[in-house]
Amino acid sequence: MAKIELKKPVIEEISAAIKDAQSVVLVDYRGLTVEQDTELRKQLREAGINYKVYKNTMMNFAFKGTDCEGLLPYLEGPSALAISTEDATAPARVLCKFAKTADKLEVKAGIVEGAVYDADGIINISKIPSKEELISRLLGSMQSPITNFARVMNQLAEKGGASACEAPAAAEAPAAE
């Protein structure tokens, strides 16, 4: 079998993985211990992120003609791909959080929803909360005024209603002459 025939399935695998990806992050994993690599893979798997090490030449062929073509200049040295099809910020969040404890892990670049970002851009994206967290914050801020209104109405009811609050104010007001 020719070498090209052996490489074709790997290139197709990469192409299929990045086809529907919300985000793709390229990292340099050199220097990670086995324990660190195992822990990183576990965290990525729990977040629903596909993480795999590929040869740069294979990624080069797979990236050509896709949104990931912007990552070609970053394909130097050992590279691994973290791909998410669901949460656009998840790979950046998990990898950057892990990189704080494992200083050998280096984020090279990434693509989030079609836009290419360098390492600094990916670090900034990692600070964006997850979609679920953003939705819960939005719902909390929408619910807050209603909750506060309900508390005020409850306090008024406990004091005897609105008439109880108005009566002392009317007694204090000077009589109109």
# chains A, B, ... in the order shown; residues from 1 in each chain; ligands from 1

$ residues_around --residues "Arg93 (chain A)" --least-positions-apart "2" --cutoff "9 Å" --atoms "only C-alpha atoms" --output "PDB file with N, CA, C and O atoms, in the first residue's frame"
ATOM      1  N   THR A  89     -16.774  28.278  23.219  1.00  0.00           N
ATOM      2  CA  THR A  89     -15.706  28.740  24.103  1.00  0.00           C
ATOM      3  C   THR A  89     -15.131  27.638  24.992  1.00  0.00           C
ATOM      4  O   THR A  89     -14.150  27.870  25.688  1.00  0.00           O
ATOM      5  N   ALA A  90     -15.715  26.457  24.960  1.00  0.00           N
ATOM      6  CA  ALA A  90     -15.295  25.387  25.870  1.00  0.00           C
ATOM      7  C   ALA A  90     -13.833  24.975  25.704  1.00  0.00           C
ATOM      8  O   ALA A  90     -13.119  24.875  26.710  1.00  0.00           O
ATOM      9  N   PRO A  91     -13.331  24.727  24.479  1.00  0.00           N
ATOM     10  CA  PRO A  91     -11.921  24.321  24.384  1.00  0.00           C
ATOM     11  C   PRO A  91     -10.972  25.382  24.933  1.00  0.00           C
ATOM     12  O   PRO A  91     -10.029  25.058  25.656  1.00  0.00           O
ATOM     13  N   LEU A  95      -8.644  24.496  28.178  1.00  0.00           N
ATOM     14  CA  LEU A  95      -7.193  24.493  27.931  1.00  0.00           C
ATOM     15  C   LEU A  95      -6.477  25.611  28.679  1.00  0.00           C
ATOM     16  O   LEU A  95      -5.410  25.389  29.255  1.00  0.00           O
ATOM     17  N   CYS A  96      -7.036  26.815  28.674  1.00  0.00           N
ATOM     18  CA  CYS A  96      -6.380  27.929  29.376  1.00  0.00           C
ATOM     19  C   CYS A  96      -6.409  27.732  30.889  1.00  0.00           C
ATOM     20  O   CYS A  96      -5.446  28.071  31.573  1.00  0.00           O
ATOM     21  N   LYS A  97      -7.494  27.175  31.400  1.00  0.00           N
ATOM     22  CA  LYS A  97      -7.562  26.880  32.836  1.00  0.00           C
ATOM     23  C   LYS A  97      -6.505  25.836  33.203  1.00  0.00           C
ATOM     24  O   LYS A  97      -5.815  25.963  34.200  1.00  0.00           O
ATOM     25  N   PHE A  98      -6.375  24.810  32.351  1.00  0.00           N
ATOM     26  CA  PHE A  98      -5.390  23.769  32.609  1.00  0.00           C
ATOM     27  C   PHE A  98      -3.970  24.303  32.463  1.00  0.00           C
ATOM     28  O   PHE A  98      -3.075  23.897  33.188  1.00  0.00           O
ATOM     29  N   ILE A 122      -7.250  33.670  22.088  1.00  0.00           N
ATOM     30  CA  ILE A 122      -7.845  32.470  22.692  1.00  0.00           C
ATOM     31  C   ILE A 122      -7.905  32.621  24.211  1.00  0.00           C
ATOM     32  O   ILE A 122      -8.883  32.228  24.845  1.00  0.00           O
ATOM     33  N   ILE A 123      -6.874  33.223  24.796  1.00  0.00           N
ATOM     34  CA  ILE A 123      -6.875  33.451  26.248  1.00  0.00           C
ATOM     35  C   ILE A 123      -8.023  34.386  26.629  1.00  0.00           C
ATOM     36  O   ILE A 123      -8.720  34.169  27.620  1.00  0.00           O
ATOM     37  N   ILE A 125     -10.832  34.755  24.931  1.00  0.00           N
ATOM     38  CA  ILE A 125     -12.068  34.000  24.723  1.00  0.00           C
ATOM     39  C   ILE A 125     -12.317  33.034  25.878  1.00  0.00           C
ATOM     40  O   ILE A 125     -13.459  32.781  26.245  1.00  0.00           O
ATOM     41  N   SER A 126     -11.246  32.536  26.471  1.00  0.00           N
ATOM     42  CA  SER A 126     -11.402  31.597  27.587  1.00  0.00           C
ATOM     43  C   SER A 126     -12.075  32.245  28.794  1.00  0.00           C
ATOM     44  O   SER A 126     -12.599  31.552  29.658  1.00  0.00           O
ATOM     45  N   LYS A 127     -12.069  33.554  28.846  1.00  0.00           N
ATOM     46  CA  LYS A 127     -12.687  34.267  29.968  1.00  0.00           C
ATOM     47  C   LYS A 127     -14.191  34.432  29.793  1.00  0.00           C
ATOM     48  O   LYS A 127     -14.875  34.851  30.718  1.00  0.00           O
ATOM     49  N   ILE A 128     -14.708  34.109  28.613  1.00  0.00           N
ATOM     50  CA  ILE A 128     -16.147  34.203  28.357  1.00  0.00           C
ATOM     51  C   ILE A 128     -16.819  32.995  29.010  1.00  0.00           C
ATOM     52  O   ILE A 128     -16.418  31.856  28.781  1.00  0.00           O
ATOM     53  N   PRO A 129     -17.851  33.226  29.799  1.00  0.00           N
ATOM     54  CA  PRO A 129     -18.542  32.104  30.440  1.00  0.00           C
ATOM     55  C   PRO A 129     -19.245  31.218  29.411  1.00  0.00           C
ATOM     56  O   PRO A 129     -19.481  31.631  28.279  1.00  0.00           O
ATOM     57  N   SER A 130     -19.623  30.034  29.845  1.00  0.00           N
ATOM     58  CA  SER A 130     -20.323  29.106  28.956  1.00  0.00           C
ATOM     59  C   SER A 130     -21.710  29.643  28.615  1.00  0.00           C
ATOM     60  O   SER A 130     -22.248  30.522  29.298  1.00  0.00           O
TER      61      SER A 130
END

$ residues_around --residues "Val24 (chain A)" --least-positions-apart "5" --cutoff "9 Å" --atoms "only C-alpha atoms" --output "number ranges by chain"
A: 18, 68, 81-85, 88, 91-92, 109-113

$ write_last_selection --atoms "N, CA, C and O atoms" --output "mmCIF file, in the first residue's frame"
data_model
loop_
_atom_site.group_PDB
_atom_site.id
_atom_site.type_symbol
_atom_site.label_atom_id
_atom_site.label_comp_id
_atom_site.auth_asym_id
_atom_site.auth_seq_id
_atom_site.Cartn_x
_atom_site.Cartn_y
_atom_site.Cartn_z
ATOM 1 N N ILE A 18 -13.420 18.731 11.866
ATOM 2 C CA ILE A 18 -13.466 20.198 11.859
ATOM 3 C C ILE A 18 -14.627 20.751 11.035
ATOM 4 O O ILE A 18 -14.934 21.937 11.102
ATOM 5 N N CYS A 68 -10.342 26.534 8.821
ATOM 6 C CA CYS A 68 -9.128 26.290 9.612
ATOM 7 C C CYS A 68 -7.856 26.635 8.861
ATOM 8 O O CYS A 68 -6.767 26.490 9.404
ATOM 9 N N LEU A 81 -5.051 19.033 18.560
ATOM 10 C CA LEU A 81 -6.277 19.771 18.268
ATOM 11 C C LEU A 81 -7.312 19.493 19.344
ATOM 12 O O LEU A 81 -7.521 18.349 19.731
ATOM 13 N N ALA A 82 -7.976 20.552 19.783
ATOM 14 C CA ALA A 82 -9.139 20.430 20.653
ATOM 15 C C ALA A 82 -10.312 20.985 19.863
ATOM 16 O O ALA A 82 -10.309 22.146 19.473
ATOM 17 N N ILE A 83 -11.310 20.142 19.611
ATOM 18 C CA ILE A 83 -12.419 20.505 18.740
ATOM 19 C C ILE A 83 -13.734 20.375 19.499
ATOM 20 O O ILE A 83 -14.001 19.347 20.126
ATOM 21 N N SER A 84 -14.558 21.429 19.412
ATOM 22 C CA SER A 84 -15.874 21.396 20.028
ATOM 23 C C SER A 84 -16.927 21.695 18.976
ATOM 24 O O SER A 84 -16.808 22.668 18.227
ATOM 25 N N THR A 85 -17.964 20.870 18.950
ATOM 26 C CA THR A 85 -19.060 21.098 18.015
ATOM 27 C C THR A 85 -20.259 21.723 18.707
ATOM 28 O O THR A 85 -21.215 22.103 18.045
ATOM 29 N N ALA A 88 -18.765 26.948 21.770
ATOM 30 C CA ALA A 88 -17.667 27.604 21.049
ATOM 31 C C ALA A 88 -16.509 28.009 21.957
ATOM 32 O O ALA A 88 -15.370 28.072 21.515
ATOM 33 N N PRO A 91 -13.331 24.727 24.479
ATOM 34 C CA PRO A 91 -11.921 24.321 24.384
ATOM 35 C C PRO A 91 -10.972 25.382 24.933
ATOM 36 O O PRO A 91 -10.029 25.058 25.656
ATOM 37 N N ALA A 92 -11.237 26.640 24.623
ATOM 38 C CA ALA A 92 -10.377 27.715 25.121
ATOM 39 C C ALA A 92 -10.424 27.776 26.644
ATOM 40 O O ALA A 92 -9.388 27.905 27.303
ATOM 41 N N ALA A 109 -3.007 28.841 18.853
ATOM 42 C CA ALA A 109 -4.004 29.647 18.138
ATOM 43 C C ALA A 109 -5.309 28.864 18.112
ATOM 44 O O ALA A 109 -5.381 27.732 18.590
ATOM 45 N N GLY A 110 -6.312 29.478 17.505
ATOM 46 C CA GLY A 110 -7.583 28.780 17.393
ATOM 47 C C GLY A 110 -8.543 29.499 16.480
ATOM 48 O O GLY A 110 -8.307 30.635 16.050
ATOM 49 N N ILE A 111 -9.616 28.817 16.202
ATOM 50 C CA ILE A 111 -10.692 29.378 15.392
ATOM 51 C C ILE A 111 -11.970 29.208 16.192
ATOM 52 O O ILE A 111 -12.286 28.102 16.650
ATOM 53 N N VAL A 112 -12.672 30.315 16.380
ATOM 54 C CA VAL A 112 -13.945 30.288 17.088
ATOM 55 C C VAL A 112 -14.989 30.881 16.159
ATOM 56 O O VAL A 112 -14.897 32.046 15.773
ATOM 57 N N GLU A 113 -15.949 30.046 15.788
ATOM 58 C CA GLU A 113 -17.037 30.424 14.893
ATOM 59 C C GLU A 113 -16.520 31.110 13.622
ATOM 60 O O GLU A 113 -17.026 32.150 13.215
#

$ select_by_dssp --residues "chain A" --states "strand (DSSP E or B)" --output "PyMOL selection string"
chain A and resi 23-28+50-53+80-84+106-112+115-118

$ write_last_selection --atoms "N, CA and C atoms" --output "short mmCIF file (atom, residue, chain, number, x, y, z; two decimals), in the first residue's frame"
data_model
loop_
_atom_site.label_atom_id
_atom_site.label_comp_id
_atom_site.auth_asym_id
_atom_site.auth_seq_id
_atom_site.Cartn_x
_atom_site.Cartn_y
_atom_site.Cartn_z
N SER A 23 -15.57 25.48 17.36
CA SER A 23 -14.24 26.03 17.62
C SER A 23 -13.18 24.93 17.53
N VAL A 24 -11.99 25.37 17.14
CA VAL A 24 -10.83 24.49 17.04
C VAL A 24 -9.66 25.22 17.68
N VAL A 25 -9.01 24.59 18.65
CA VAL A 25 -7.87 25.22 19.32
C VAL A 25 -6.66 24.32 19.13
N LEU A 26 -5.56 24.94 18.74
CA LEU A 26 -4.30 24.26 18.48
C LEU A 26 -3.37 24.51 19.66
N VAL A 27 -2.82 23.43 20.23
CA VAL A 27 -1.93 23.56 21.40
C VAL A 27 -0.63 22.80 21.17
N ASP A 28 0.40 23.24 21.90
CA ASP A 28 1.68 22.54 21.95
C ASP A 28 1.72 21.84 23.31
N ASN A 50 -13.39 17.04 21.64
CA ASN A 50 -12.57 16.02 20.99
C ASN A 50 -11.12 16.53 20.97
N TYR A 51 -10.20 15.78 21.56
CA TYR A 51 -8.80 16.19 21.66
C TYR A 51 -7.94 15.08 21.09
N LYS A 52 -7.11 15.43 20.11
CA LYS A 52 -6.27 14.40 19.50
C LYS A 52 -5.00 15.03 18.96
N VAL A 53 -3.94 14.25 18.97
CA VAL A 53 -2.66 14.67 18.42
C VAL A 53 -2.57 14.15 16.99
N ALA A 80 -1.55 19.52 18.90
CA ALA A 80 -2.75 18.74 19.19
C ALA A 80 -3.94 19.64 18.94
N LEU A 81 -5.05 19.03 18.56
CA LEU A 81 -6.28 19.77 18.27
C LEU A 81 -7.31 19.49 19.34
N ALA A 82 -7.98 20.55 19.78
CA ALA A 82 -9.14 20.43 20.65
C ALA A 82 -10.31 20.98 19.86
N ILE A 83 -11.31 20.14 19.61
CA ILE A 83 -12.42 20.51 18.74
C ILE A 83 -13.73 20.38 19.50
N SER A 84 -14.56 21.43 19.41
CA SER A 84 -15.87 21.40 20.03
C SER A 84 -16.93 21.69 18.98
N GLU A 106 1.04 24.95 25.95
CA GLU A 106 1.06 26.26 25.29
C GLU A 106 -0.05 26.31 24.24
N VAL A 107 -0.93 27.28 24.39
CA VAL A 107 -1.98 27.50 23.40
C VAL A 107 -1.35 28.26 22.24
N LYS A 108 -1.47 27.72 21.03
CA LYS A 108 -0.86 28.35 19.85
C LYS A 108 -1.83 29.32 19.19
N ALA A 109 -3.01 28.84 18.85
CA ALA A 109 -4.00 29.65 18.14
C ALA A 109 -5.31 28.86 18.11
N GLY A 110 -6.31 29.48 17.50
CA GLY A 110 -7.58 28.78 17.39
C GLY A 110 -8.54 29.50 16.48
N ILE A 111 -9.62 28.82 16.20
CA ILE A 111 -10.69 29.38 15.39
C ILE A 111 -11.97 29.21 16.19
N VAL A 112 -12.67 30.31 16.38
CA VAL A 112 -13.94 30.29 17.09
C VAL A 112 -14.99 30.88 16.16
N ALA A 115 -13.67 32.69 12.98
CA ALA A 115 -12.66 33.75 13.13
C ALA A 115 -11.38 33.17 13.73
N VAL A 116 -10.23 33.55 13.15
CA VAL A 116 -8.93 33.06 13.61
C VAL A 116 -8.42 33.96 14.73
N TYR A 117 -7.93 33.34 15.79
CA TYR A 117 -7.38 34.07 16.94
C TYR A 117 -6.00 33.51 17.26
N ASP A 118 -5.09 34.40 17.65
CA ASP A 118 -3.78 33.95 18.11
C ASP A 118 -3.91 33.52 19.57
#

$ select_by_dssp --residues "region 79-177 of chain A" --states "helix (DSSP H, G or I)" --output "number ranges by chain"
A: 90-101, 119-125, 131-158, 162-172

$ closest_atom_pairs --of "region 59-142 of chain A" --to "region 146-154 of chain A" --cutoff "12 Å" --atoms "only C-alpha atoms" --output "tab-separated table"
residue	atom	partner	partner_atom	distance
A:Leu139	CA	A:Ile146	CA	11.3
A:Gly140	CA	A:Thr147	CA	9.8
A:Ser141	CA	A:Ile146	CA	9.6
A:Met142	CA	A:Ile146	CA	7.7

$ write_last_selection --atoms "N, CA, C and O atoms" --output "tab-separated table (two decimals), in the first residue's frame"
chain	number	residue	atom	x	y	z
A	139	LEU	N	-31.40	35.19	32.84
A	139	LEU	CA	-32.67	34.89	33.50
A	139	LEU	C	-32.69	35.45	34.92
A	139	LEU	O	-33.71	35.93	35.39
A	140	GLY	N	-31.55	35.39	35.61
A	140	GLY	CA	-31.47	35.95	36.96
A	140	GLY	C	-31.68	37.45	36.95
A	140	GLY	O	-32.38	38.00	37.81
A	141	SER	N	-31.09	38.14	35.97
A	141	SER	CA	-31.26	39.59	35.92
A	141	SER	C	-32.68	39.96	35.49
A	141	SER	O	-33.19	41.00	35.89
A	142	MET	N	-33.32	39.11	34.69
A	142	MET	CA	-34.71	39.38	34.31
A	142	MET	C	-35.65	39.10	35.47
A	142	MET	O	-36.68	39.77	35.62

$ closest_residue --among "A:Gly65, A:Val94, A:Ala102, A:Glu12" --to "Arg45 (chain A)" --atoms "only C-alpha atoms"
A:Val94

$ closest_residue --among "A:Leu40, A:Ile49, A:Ala62, A:Leu32" --to "Pro9 (chain A)" --atoms "only C-alpha atoms"
A:Ala62

$ atom_distance --atom1 "CA of Gly31 (chain A)" --atom2 "CA of Leu44 (chain A)"
18.4 Å

$ closest_residue --among "A:Leu105, A:Leu156, A:Ile11, A:Leu72" --to "Tyr29 (chain A)" --atoms "only C-alpha atoms"
A:Leu105
